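Visitor: Provided below: model_0.csv, containing CSV, C-alpha atoms.
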```csv
chain,number,residue,atom,x,y,z
A,29,MET,CA,121.4,64.9,58.2
A,30,MET,CA,122.2,67.8,55.9
A,31,ALA,CA,119.9,70.0,57.9
A,32,THR,CA,121.6,69.1,61.1
A,33,ASN,CA,125.1,70.0,59.7
A,34,ASP,CA,123.8,73.2,58.3
A,35,THR,CA,122.1,74.1,61.6
A,36,ALA,CA,125.4,73.8,63.3
A,37,ILE,CA,126.9,76.4,61.0
A,38,THR,CA,123.9,78.9,60.8
A,39,PRO,CA,120.9,79.0,63.0
A,40,HIS,CA,117.9,77.4,61.4
A,41,LEU,CA,115.8,80.4,60.5
A,42,GLY,CA,113.2,78.4,58.5
A,43,ALA,CA,112.5,78.3,54.8
A,44,GLU,CA,111.8,81.3,52.6
A,45,PRO,CA,108.3,81.0,51.0
A,46,GLY,CA,110.1,80.7,47.7
A,47,ASP,CA,111.8,77.5,48.9
A,48,TRP,CA,108.5,75.8,49.0
A,49,LEU,CA,107.8,76.9,45.5
A,50,ALA,CA,111.3,75.8,44.4
A,51,LEU,CA,110.5,72.3,45.6
A,52,LEU,CA,107.9,72.2,42.8
A,53,LYS,CA,110.6,72.7,40.1
A,54,PRO,CA,109.1,75.8,38.5
A,55,ARG,CA,111.3,75.5,35.3
A,56,VAL,CA,110.0,72.0,34.6
A,57,ILE,CA,106.5,73.2,35.3
A,58,SER,CA,106.6,75.9,32.7
A,59,LEU,CA,107.3,73.3,30.0
A,60,VAL,CA,104.6,71.0,31.4
A,61,VAL,CA,102.1,73.8,31.5
A,62,PHE,CA,102.9,74.6,27.9
A,63,THR,CA,102.5,71.1,26.5
A,64,GLY,CA,99.4,70.5,28.6
A,65,ALA,CA,97.8,73.7,27.4
A,66,ILE,CA,98.6,72.7,23.8
A,67,GLY,CA,97.0,69.2,24.4
A,68,LEU,CA,93.9,71.0,25.6
A,69,PHE,CA,93.8,73.4,22.7
A,70,ILE,CA,94.2,70.9,19.9
A,71,ALA,CA,91.7,68.4,21.3
A,72,PRO,CA,88.4,68.2,19.4
A,73,GLY,CA,85.4,69.4,21.4
A,74,HIS,CA,84.8,72.2,23.9
A,75,ILE,CA,85.7,72.8,27.5
A,76,ASN,CA,84.6,75.6,29.7
A,77,PRO,CA,87.5,78.1,30.1
A,78,VAL,CA,87.4,77.9,33.9
A,79,LEU,CA,87.6,74.2,33.8
A,80,ALA,CA,90.5,74.4,31.2
A,81,ALA,CA,92.4,76.8,33.6
A,82,VAL,CA,91.8,74.4,36.5
A,83,ALA,CA,93.0,71.4,34.4
A,84,ILE,CA,96.2,73.2,33.4
A,85,PHE,CA,96.7,74.2,37.1
A,86,CYS,CA,96.2,70.5,38.1
A,87,ILE,CA,98.7,69.3,35.5
A,88,ALA,CA,101.2,71.9,36.9
A,89,LEU,CA,100.5,71.0,40.5
A,90,GLY,CA,100.8,67.3,39.8
A,91,ALA,CA,104.1,67.8,38.0
A,92,GLY,CA,105.3,70.0,40.9
A,93,ALA,CA,104.2,67.5,43.5
A,94,ALA,CA,106.2,64.7,41.6
A,95,GLY,CA,109.1,67.1,41.6
A,96,ALA,CA,108.9,67.6,45.3
A,97,ILE,CA,108.9,63.8,45.9
A,98,ASN,CA,111.9,63.6,43.5
A,99,MET,CA,113.8,66.2,45.5
A,100,TRP,CA,113.0,64.3,48.7
A,101,TYR,CA,114.3,61.0,47.3
A,102,ASP,CA,117.3,62.5,45.6
A,103,ARG,CA,118.4,64.8,48.5
A,104,ASP,CA,121.6,62.7,49.0
A,105,ILE,CA,122.8,63.0,45.4
A,106,ASP,CA,121.5,66.6,45.1
A,107,ALA,CA,124.0,67.5,47.8
A,108,MET,CA,126.9,66.2,45.7
A,109,MET,CA,126.1,68.0,42.4
A,110,ARG,CA,126.9,71.7,41.8
A,111,ARG,CA,123.7,72.2,39.8
A,112,THR,CA,121.5,71.0,42.7
A,113,THR,CA,123.4,71.6,45.9
A,114,ASP,CA,121.5,74.8,46.7
A,115,ARG,CA,118.1,73.1,46.5
A,116,PRO,CA,116.0,73.6,49.7
A,117,ILE,CA,116.5,70.1,51.2
A,118,PRO,CA,120.3,69.7,50.7
A,119,ALA,CA,120.8,73.3,51.7
A,120,GLY,CA,119.0,72.5,55.0
A,121,ARG,CA,116.2,75.0,54.6
A,122,ILE,CA,113.4,72.4,54.4
A,123,GLU,CA,113.2,69.2,56.3
A,124,ALA,CA,113.1,66.1,54.1
A,125,SER,CA,110.0,64.6,55.7
A,126,GLY,CA,108.2,68.0,55.2
A,127,ALA,CA,109.0,67.9,51.5
A,128,LEU,CA,107.7,64.3,51.2
A,129,GLY,CA,104.5,65.2,52.9
A,130,TYR,CA,104.1,68.3,50.8
A,131,GLY,CA,104.6,66.3,47.6
A,132,ILE,CA,102.1,63.6,48.6
A,133,VAL,CA,99.4,66.0,49.7
A,134,LEU,CA,99.8,68.1,46.5
A,135,SER,CA,99.7,64.9,44.4
A,136,VAL,CA,96.4,63.8,45.9
A,137,ILE,CA,94.9,67.3,45.6
A,138,SER,CA,95.9,67.7,42.0
A,139,VAL,CA,94.4,64.3,41.0
A,140,LEU,CA,91.1,64.8,42.9
A,141,LEU,CA,90.7,68.4,41.7
A,142,LEU,CA,91.3,67.3,38.1
A,143,ALA,CA,88.8,64.5,38.4
A,144,MET,CA,86.3,66.9,39.8
A,145,ALA,CA,86.8,69.6,37.2
A,146,THR,CA,87.2,67.4,34.1
A,147,ASN,CA,86.9,63.5,34.0
A,148,LEU,CA,88.3,60.3,35.5
A,149,CYS,CA,90.4,59.5,32.4
A,150,ALA,CA,92.4,62.7,32.7
A,151,ALA,CA,92.8,62.3,36.5
A,152,ALA,CA,93.9,58.7,36.0
A,153,VAL,CA,96.6,59.7,33.5
A,154,LEU,CA,97.8,62.4,35.8
A,155,ALA,CA,98.0,60.0,38.8
A,156,PHE,CA,99.9,57.5,36.7
A,157,SER,CA,102.3,60.3,35.4
A,158,ILE,CA,103.1,61.3,39.0
A,159,PHE,CA,103.7,57.6,39.9
A,160,TYR,CA,105.8,57.2,36.7
A,161,TYR,CA,108.1,60.1,37.6
A,162,ALA,CA,108.3,59.7,41.4
A,163,VAL,CA,108.5,55.9,41.6
A,164,ILE,CA,109.4,54.4,38.2
A,165,TYR,CA,111.9,57.0,37.2
A,166,THR,CA,113.2,58.5,40.4
A,167,MET,CA,113.2,55.6,42.8
A,168,TRP,CA,113.6,52.6,40.4
A,169,LEU,CA,115.5,53.6,37.2
A,170,LYS,CA,117.5,56.7,37.8
A,171,ARG,CA,120.3,55.1,39.8
A,172,ARG,CA,120.2,51.7,38.2
A,173,THR,CA,120.5,51.9,34.5
A,174,PRO,CA,122.2,54.2,31.9
A,175,GLN,CA,118.8,54.0,30.0
A,176,ASN,CA,117.2,55.9,32.9
A,177,ILE,CA,116.5,58.9,30.8
A,178,VAL,CA,115.1,56.9,27.9
A,179,ILE,CA,112.3,55.3,29.9
A,180,GLY,CA,112.1,58.3,32.3
A,181,GLY,CA,111.3,60.5,29.3
A,182,GLY,CA,107.8,59.2,29.4
A,183,ALA,CA,107.2,61.2,32.6
A,184,GLY,CA,107.5,64.5,30.7
A,185,ALA,CA,105.4,63.2,27.8
A,186,PHE,CA,102.1,62.9,29.7
A,187,PRO,CA,100.9,66.5,30.0
A,188,ALA,CA,99.7,66.7,26.3
A,189,VAL,CA,97.8,63.5,26.8
A,190,ILE,CA,96.2,64.7,30.0
A,191,GLY,CA,95.2,68.0,28.3
A,192,TRP,CA,93.6,66.1,25.5
A,193,ALA,CA,91.9,63.7,27.8
A,194,ALA,CA,90.6,66.6,29.9
A,195,VAL,CA,88.6,67.8,26.9
A,196,THR,CA,87.6,64.5,25.2
A,197,GLY,CA,87.5,62.0,28.1
A,198,HIS,CA,89.6,59.5,26.1
A,199,ILE,CA,93.1,59.2,24.6
A,200,GLY,CA,93.4,59.6,20.8
A,201,LEU,CA,96.2,58.9,18.3
A,202,LEU,CA,97.4,62.5,18.0
A,203,PRO,CA,98.1,62.8,21.8
A,204,MET,CA,99.8,59.4,21.7
A,205,LEU,CA,102.1,60.7,18.9
A,206,LEU,CA,102.8,63.8,20.9
A,207,PHE,CA,103.7,61.5,23.8
A,208,ALA,CA,106.1,59.6,21.6
A,209,ILE,CA,107.6,62.8,20.3
A,210,VAL,CA,108.5,64.0,23.8
A,211,PHE,CA,109.6,60.5,24.7
A,212,PHE,CA,112.1,60.3,21.9
A,213,TRP,CA,113.1,64.0,22.3
A,214,THR,CA,114.1,63.5,25.9
A,215,PRO,CA,117.3,61.3,25.4
A,216,PRO,CA,119.1,63.7,23.0
A,217,HIS,CA,118.0,66.6,25.1
A,218,PHE,CA,119.2,65.1,28.4
A,219,TRP,CA,122.3,63.4,27.0
A,220,SER,CA,123.5,66.7,25.6
A,221,LEU,CA,123.4,68.1,29.1
A,222,ALA,CA,124.9,65.0,30.5
A,223,LEU,CA,127.9,65.3,28.2
A,224,TYR,CA,129.1,68.5,29.9
A,225,ALA,CA,127.8,67.6,33.3
A,226,ALA,CA,129.2,64.1,33.3
A,227,THR,CA,131.6,64.8,36.2
A,228,ASP,CA,128.8,65.8,38.5
A,229,TYR,CA,126.8,62.7,37.6
A,230,GLU,CA,129.8,60.5,38.2
A,231,LYS,CA,130.5,62.1,41.6
A,232,ALA,CA,126.8,61.5,42.6
A,233,GLY,CA,127.0,57.9,41.3
A,234,ILE,CA,124.2,58.3,38.7
A,235,PRO,CA,124.8,55.9,35.8
A,236,MET,CA,124.1,58.4,33.0
A,237,LEU,CA,125.2,57.2,29.6
A,238,PRO,CA,128.4,59.3,29.3
A,239,VAL,CA,129.5,58.0,32.8
A,240,VAL,CA,128.8,54.3,32.0
A,241,LYS,CA,129.4,54.0,28.3
A,242,GLY,CA,131.6,57.1,27.6
A,243,ALA,CA,131.2,60.3,25.7
A,244,LYS,CA,131.8,58.7,22.3
A,245,HIS,CA,128.9,56.3,22.7
A,246,THR,CA,126.7,59.1,24.0
A,247,ARG,CA,127.4,61.3,21.0
A,248,LEU,CA,126.4,58.5,18.6
A,249,ASN,CA,123.2,58.0,20.6
A,250,VAL,CA,122.3,61.7,20.5
A,251,LEU,CA,122.6,61.6,16.8
A,252,VAL,CA,120.6,58.4,16.4
A,253,TYR,CA,117.8,59.6,18.5
A,254,SER,CA,117.6,62.9,16.6
A,255,LEU,CA,117.3,60.9,13.4
A,256,LEU,CA,114.6,58.7,14.9
A,257,LEU,CA,112.8,61.7,16.1
A,258,LEU,CA,112.6,63.5,12.7
A,259,PRO,CA,110.1,61.0,11.0
A,260,LEU,CA,108.2,60.7,14.2
A,261,THR,CA,107.6,64.5,14.4
A,262,VAL,CA,106.4,64.6,10.8
A,263,SER,CA,104.1,61.6,11.3
A,264,PRO,CA,101.0,63.5,12.5
A,265,TRP,CA,101.1,65.4,9.2
A,266,ALA,CA,101.7,62.2,7.2
A,267,LEU,CA,98.8,60.5,8.9
A,268,GLY,CA,96.5,63.5,8.2
A,269,LEU,CA,96.1,64.4,11.8
A,270,THR,CA,97.5,67.9,11.3
A,271,GLY,CA,97.9,70.2,8.4
A,272,TRP,CA,100.8,71.5,6.3
A,273,PHE,CA,101.8,74.2,8.7
A,274,TYR,CA,102.7,71.7,11.4
A,275,GLY,CA,104.3,69.4,8.8
A,276,VAL,CA,106.6,72.0,7.3
A,277,SER,CA,107.5,73.4,10.8
A,278,ALA,CA,108.3,69.9,12.1
A,279,LEU,CA,110.4,69.1,9.0
A,280,ILE,CA,112.5,72.4,9.1
A,281,SER,CA,113.0,72.4,12.9
A,282,GLY,CA,113.7,68.7,12.9
A,283,LEU,CA,116.4,69.1,10.3
A,284,ALA,CA,117.9,71.9,12.3
A,285,PHE,CA,117.9,69.6,15.4
A,286,VAL,CA,119.6,66.9,13.4
A,287,TYR,CA,122.2,69.5,12.4
A,288,PHE,CA,122.9,70.4,16.0
A,289,CYS,CA,123.1,66.8,17.1
A,290,TRP,CA,125.5,66.1,14.2
A,291,GLY,CA,127.6,68.9,15.7
A,292,VAL,CA,127.6,67.0,19.0
A,293,TYR,CA,128.6,63.8,17.2
A,294,ALA,CA,131.4,65.4,15.2
A,295,ASP,CA,132.7,67.7,18.0
A,296,LYS,CA,136.5,67.8,18.2
A,297,GLN,CA,137.3,65.2,20.8
A,298,ASP,CA,140.1,63.1,22.3
A,299,ALA,CA,140.4,59.3,21.9
A,300,GLU,CA,137.8,58.7,24.6
A,301,GLY,CA,135.3,61.1,23.0
A,302,LYS,CA,135.8,63.9,25.6
A,303,SER,CA,135.3,67.3,24.0
A,304,LEU,CA,138.2,69.6,23.1
A,305,THR,CA,135.9,72.5,22.7
A,306,LYS,CA,134.4,72.7,26.2
A,307,ASP,CA,131.4,70.9,24.8
A,308,LYS,CA,130.2,73.9,22.9
A,309,PRO,CA,128.1,71.8,20.4
A,310,ALA,CA,126.5,69.8,23.3
A,311,ARG,CA,125.5,73.1,25.0
A,312,ALA,CA,124.1,74.5,21.8
A,313,ALA,CA,122.2,71.2,21.1
A,314,PHE,CA,120.7,71.3,24.7
A,315,LYS,CA,119.5,74.9,24.3
A,316,PHE,CA,118.2,74.2,20.8
A,317,SER,CA,116.3,71.1,21.9
A,318,ILE,CA,114.2,73.2,24.2
A,319,LEU,CA,113.4,75.6,21.4
A,320,TYR,CA,112.7,72.7,19.1
A,321,LEU,CA,110.0,71.2,21.4
A,322,PHE,CA,108.5,74.6,21.9
A,323,VAL,CA,108.3,75.1,18.1
A,324,LEU,CA,106.8,71.7,17.5
A,325,PHE,CA,104.0,72.1,20.0
A,326,LEU,CA,103.3,75.7,19.1
A,327,ALA,CA,103.1,74.7,15.4
A,328,CYS,CA,100.6,72.1,16.3
A,329,ALA,CA,98.4,74.7,18.0
A,330,ILE,CA,98.8,77.2,15.2
A,331,ASP,CA,98.0,74.5,12.7
A,332,LYS,CA,94.6,74.2,14.2
A,333,LEU,CA,93.9,77.8,13.5
A,334,VAL,CA,95.4,77.9,9.9
B,8,MET,CA,93.6,87.7,86.4
B,9,ALA,CA,95.8,89.1,83.6
B,10,LYS,CA,96.0,86.8,80.5
B,11,ARG,CA,99.5,85.5,80.0
B,12,PRO,CA,100.9,85.7,76.4
B,13,MET,CA,101.6,82.4,74.7
B,14,PRO,CA,105.2,81.4,75.1
B,15,ARG,CA,107.2,81.8,71.8
B,16,PRO,CA,110.4,79.9,72.4
B,17,GLU,CA,111.7,80.7,68.9
B,18,LEU,CA,111.8,84.4,69.9
B,19,THR,CA,113.8,83.7,73.0
B,20,GLN,CA,116.7,81.6,71.5
B,21,PRO,CA,119.6,83.0,73.5
B,22,ASN,CA,122.2,82.5,70.8
B,23,TRP,CA,120.2,84.5,68.1
B,24,THR,CA,121.2,88.0,67.2
B,25,ASP,CA,118.5,90.7,66.7
B,26,GLU,CA,119.0,90.4,62.9
B,27,GLN,CA,118.5,86.6,63.0
B,28,ARG,CA,115.3,87.0,65.1
B,29,ALA,CA,114.0,89.6,62.7
B,30,GLU,CA,114.9,87.4,59.7
B,31,PHE,CA,113.1,84.4,61.4
B,32,ILE,CA,109.9,86.4,61.9
B,33,ARG,CA,110.1,87.8,58.3
B,34,ARG,CA,110.4,84.3,56.8
B,35,ARG,CA,107.6,82.9,59.0
B,36,ARG,CA,105.3,85.8,58.0
B,37,GLY,CA,106.1,85.1,54.3
B,38,ARG,CA,105.3,81.4,54.7
B,39,ASN,CA,102.0,82.2,56.4
B,40,PHE,CA,101.0,84.6,53.7
B,41,LEU,CA,101.8,82.0,51.0
B,42,LEU,CA,99.7,79.4,52.8
B,43,LEU,CA,96.8,81.9,53.2
B,44,ALA,CA,97.0,82.7,49.4
B,45,ALA,CA,97.1,79.0,48.6
B,46,LEU,CA,94.1,78.3,50.7
B,47,ALA,CA,92.2,81.2,49.3
B,48,ALA,CA,93.0,80.1,45.7
B,49,PHE,CA,91.9,76.6,46.5
B,50,CYS,CA,88.5,77.8,47.9
B,51,LEU,CA,88.0,80.0,44.8
B,52,MET,CA,88.8,77.2,42.5
B,53,ILE,CA,86.4,74.8,44.2
B,54,TYR,CA,83.8,77.6,44.1
B,55,GLY,CA,84.5,78.2,40.4
B,56,ILE,CA,84.3,74.5,39.5
B,57,ALA,CA,81.0,74.1,41.4
B,58,ILE,CA,79.4,77.1,39.6
B,59,VAL,CA,80.5,75.9,36.2
B,60,LYS,CA,79.3,72.3,36.9
B,61,LEU,CA,76.0,73.5,38.2
B,62,HIS,CA,75.6,75.7,35.1
B,63,GLU,CA,76.6,72.8,32.8
B,64,TYR,CA,74.0,70.4,34.3
B,65,GLY,CA,71.3,73.1,34.1
B,66,GLN,CA,70.6,73.2,37.8
B,67,MET,CA,71.1,76.9,38.0
B,68,TRP,CA,70.0,79.9,36.0
```
Could you show the structure in this file as structure tokens?
Guide:
Amino acid sequence: MMATNDTAITPHLGAEPGDWLALLKPRVISLVVFTGAIGLFIAPGHINPVLAAVAIFCIALGAGAAGAINMWYDRDIDAMMRRTTDRPIPAGRIEASGALGYGIVLSVISVLLLAMATNLCAAAVLAFSIFYYAVIYTMWLKRRTPQNIVIGGGAGAFPAVIGWAAVTGHIGLLPMLLFAIVFFWTPPHFWSLALYAATDYEKAGIPMLPVVKGAKHTRLNVLVYSLLLLPLTVSPWALGLTGWFYGVSALISGLAFVYFCWGVYADKQDAEGKSLTKDKPARAAFKFSILYLFVLFLACAIDKLV
Amino acid sequence: MAKRPMPRPELTQPNWTDEQRAEFIRRRRGRNFLLLAALAAFCLMIYGIAIVKLHEYGQMW
């Protein structure tokens, strides 16, 4: 429908090639590629570099395909939010059905290619991760529960497991802990963003925590999750799965993250918990959370070399 | 008998300006090149996987 309205205003000149790439959510892919590559790198055993490159490509393609299906399903709410209104489907540059077909075809290709290049275990986890993001998170949870991002966080946690499985053919304890780290990292990361984008989510009818339970409750949850995350990030070291370099890095960066989340909790606010500082601490916590995850995974890789 | 060119209705949209027509052609060419690059990369990848697998299983060299 959006396309029809837009066509009435400007002639439909077709999509730019970049629009088809934008459907794959390249910013999300960059994080997925990074965590997947670390999973491959830290796994015990050897994998041919060509197959490793293909495995990382498949992880990226699968994540992108799930992103395209997400954009197809969320096209109505994307049109309502400032952050997403210029995406190819709500902007009318790509037909919704085309985006769905594109997502499904790329999903199938990524899974089959990964099975061919590595093993069935990695391909099965990739297939489940696409299903988890596109169906469990996007279609089922996102619009139904304020805990959407808590459970949905699992979707972003799979790449490290897939990378590990691509090398070893099975799933070990360390990749499961990395999975848990990303899982528990996602809520404070996303709720920090949701605190200053709550109006958009409210307009689109998405039951994000600040919309349903209020900013005060969300601030407390951001802090609690950061405190839960800290021992979890240190656990690979405590269990002897990684060395001191990772342990010290996780401890220092984890304490810094708790500090940023404390800032979100203690932000100057009105009676309802709405920020009086234009959510400066929440913005800072959101930015730092990305750096935090990057540091954790990078430290895990460096630790293997130390 | 002279061969008639394929009809290209998108180039004869009466309400399009010359700039819009040129833009349409530019975008379509870009999409075609992207598809070509994707197909070429896919073929190369399959070729690469096949070579590595054959090498791993000792059926070559």
Visitor: How many Å lie between CA of Asn98 in chain A and CA of Ser157 in chain A, rounded to one decimal?
Guide: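 The value is 13.0 Å.
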Visitor: Could you please determine the separation between CA of Pro54 in chain A and CA of Ala96 in chain A in Å, to one decimal place?
Guide: 10.7 Å
Visitor: Determine which residues of chain A sit within 9 Å of chain B, taking into account all atoms listed in the file, and present them as a PyMOL selection string.
Guide: chain A and resi 39-46+48+76+78-79+82+141+144-145
Visitor: Quote the spacing between CA of Pro309 in chain A and CA of Val292 in chain A in Å to one decimal place.
Guide: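 Spanning CA of Pro309 in chain A to CA of Val292 in chain A is a straight-line distance of 5.0 Å.
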Visitor: Which polymer residues have any atom within 12 Å of an atom of range 227-232 of chain A, counting all atoms listed in the file, with same-chain residues fewer than 3 positions away left out, as an NGL selection string?
Guide: :A and (102-113 or 170-171 or 174 or 219 or 221-224 or 235-243 or 302)
Visitor: Within 12 Å of (87.0, 72.8, 30.3), only C-alpha atoms: residues as a PyMOL selection string?
Guide: (chain A and resi 65+68-69+71-85+142-147+150+191-197) or (chain B and resi 55-56+59-60+63)
Visitor: I'd like the neighbourhood of Ala185 in chain A as a PyMOL selection string, where a residue qualifies if any of its atoms comes within 8 Å (using all atoms listed in the file), though same-chain residues fewer than 4 positions away should be ignored.
Guide: chain A and resi 181+189+206-211
Visitor: Counting all atoms listed in the file, figure out which residue out of A:Ala327, A:Leu319, A:Ala188, A:Ala91 gets nearest to Ile132 in chain A.
Guide: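 Closest to Ile132 in chain A, using all atoms listed in the file: A:Ala91.
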Visitor: Is it possible to add N, CA, C and O atoms to range 105-123 of chain A and hand it back as a tab-separated table (two decimals), in the coordinates of the input?
Guide:
```tsv
chain	number	residue	atom	x	y	z
A	105	ILE	N	121.98	62.75	46.59
A	105	ILE	CA	122.80	63.00	45.40
A	105	ILE	C	122.74	64.50	45.01
A	105	ILE	O	123.68	65.02	44.44
A	106	ASP	N	121.63	65.16	45.35
A	106	ASP	CA	121.50	66.60	45.10
A	106	ASP	C	122.63	67.36	45.83
A	106	ASP	O	123.13	68.38	45.36
A	107	ALA	N	122.97	66.86	47.02
A	107	ALA	CA	124.00	67.50	47.80
A	107	ALA	C	125.38	67.41	47.22
A	107	ALA	O	126.30	68.16	47.57
A	108	MET	N	125.54	66.48	46.29
A	108	MET	CA	126.90	66.20	45.70
A	108	MET	C	127.08	66.97	44.39
A	108	MET	O	128.21	67.07	43.91
A	109	MET	N	125.98	67.42	43.76
A	109	MET	CA	126.10	68.00	42.40
A	109	MET	C	126.01	69.52	42.49
A	109	MET	O	125.10	70.05	43.13
A	110	ARG	N	126.93	70.19	41.79
A	110	ARG	CA	126.90	71.70	41.80
A	110	ARG	C	125.60	72.25	41.44
A	110	ARG	O	125.13	73.22	42.02
A	111	ARG	N	124.99	71.66	40.38
A	111	ARG	CA	123.70	72.20	39.80
A	111	ARG	C	122.58	72.13	40.86
A	111	ARG	O	121.66	72.92	40.79
A	112	THR	N	122.65	71.20	41.81
A	112	THR	CA	121.50	71.00	42.70
A	112	THR	C	121.81	71.17	44.17
A	112	THR	O	120.92	71.01	45.00
A	113	THR	N	123.04	71.53	44.46
A	113	THR	CA	123.40	71.60	45.90
A	113	THR	C	122.70	72.65	46.67
A	113	THR	O	122.57	72.56	47.90
A	114	ASP	N	122.19	73.68	45.99
A	114	ASP	CA	121.50	74.80	46.70
A	114	ASP	C	119.98	74.53	46.77
A	114	ASP	O	119.23	75.43	47.14
A	115	ARG	N	119.53	73.35	46.37
A	115	ARG	CA	118.10	73.10	46.50
A	115	ARG	C	117.71	73.08	47.98
A	115	ARG	O	118.55	72.82	48.84
A	116	PRO	N	116.42	73.38	48.27
A	116	PRO	CA	116.00	73.60	49.70
A	116	PRO	C	116.37	72.48	50.64
A	116	PRO	O	116.74	72.77	51.78
A	117	ILE	N	116.27	71.21	50.20
A	117	ILE	CA	116.50	70.10	51.20
A	117	ILE	C	118.05	69.97	51.43
A	117	ILE	O	118.47	70.02	52.59
A	118	PRO	N	118.88	69.78	50.38
A	118	PRO	CA	120.30	69.70	50.70
A	118	PRO	C	120.90	70.90	51.35
A	118	PRO	O	121.87	70.80	52.12
A	119	ALA	N	120.31	72.06	51.09
A	119	ALA	CA	120.80	73.30	51.70
A	119	ALA	C	120.34	73.41	53.17
A	119	ALA	O	120.75	74.33	53.88
A	120	GLY	N	119.44	72.51	53.60
A	120	GLY	CA	119.00	72.50	55.00
A	120	GLY	C	117.90	73.49	55.31
A	120	GLY	O	117.60	73.74	56.48
A	121	ARG	N	117.26	74.05	54.29
A	121	ARG	CA	116.20	75.00	54.60
A	121	ARG	C	114.84	74.39	54.77
A	121	ARG	O	113.96	75.00	55.34
A	122	ILE	N	114.69	73.17	54.23
A	122	ILE	CA	113.40	72.40	54.40
A	122	ILE	C	113.75	71.02	54.85
A	122	ILE	O	114.67	70.38	54.31
A	123	GLU	N	113.01	70.53	55.84
A	123	GLU	CA	113.20	69.20	56.30
A	123	GLU	C	112.75	68.17	55.22
A	123	GLU	O	111.74	68.41	54.56
```
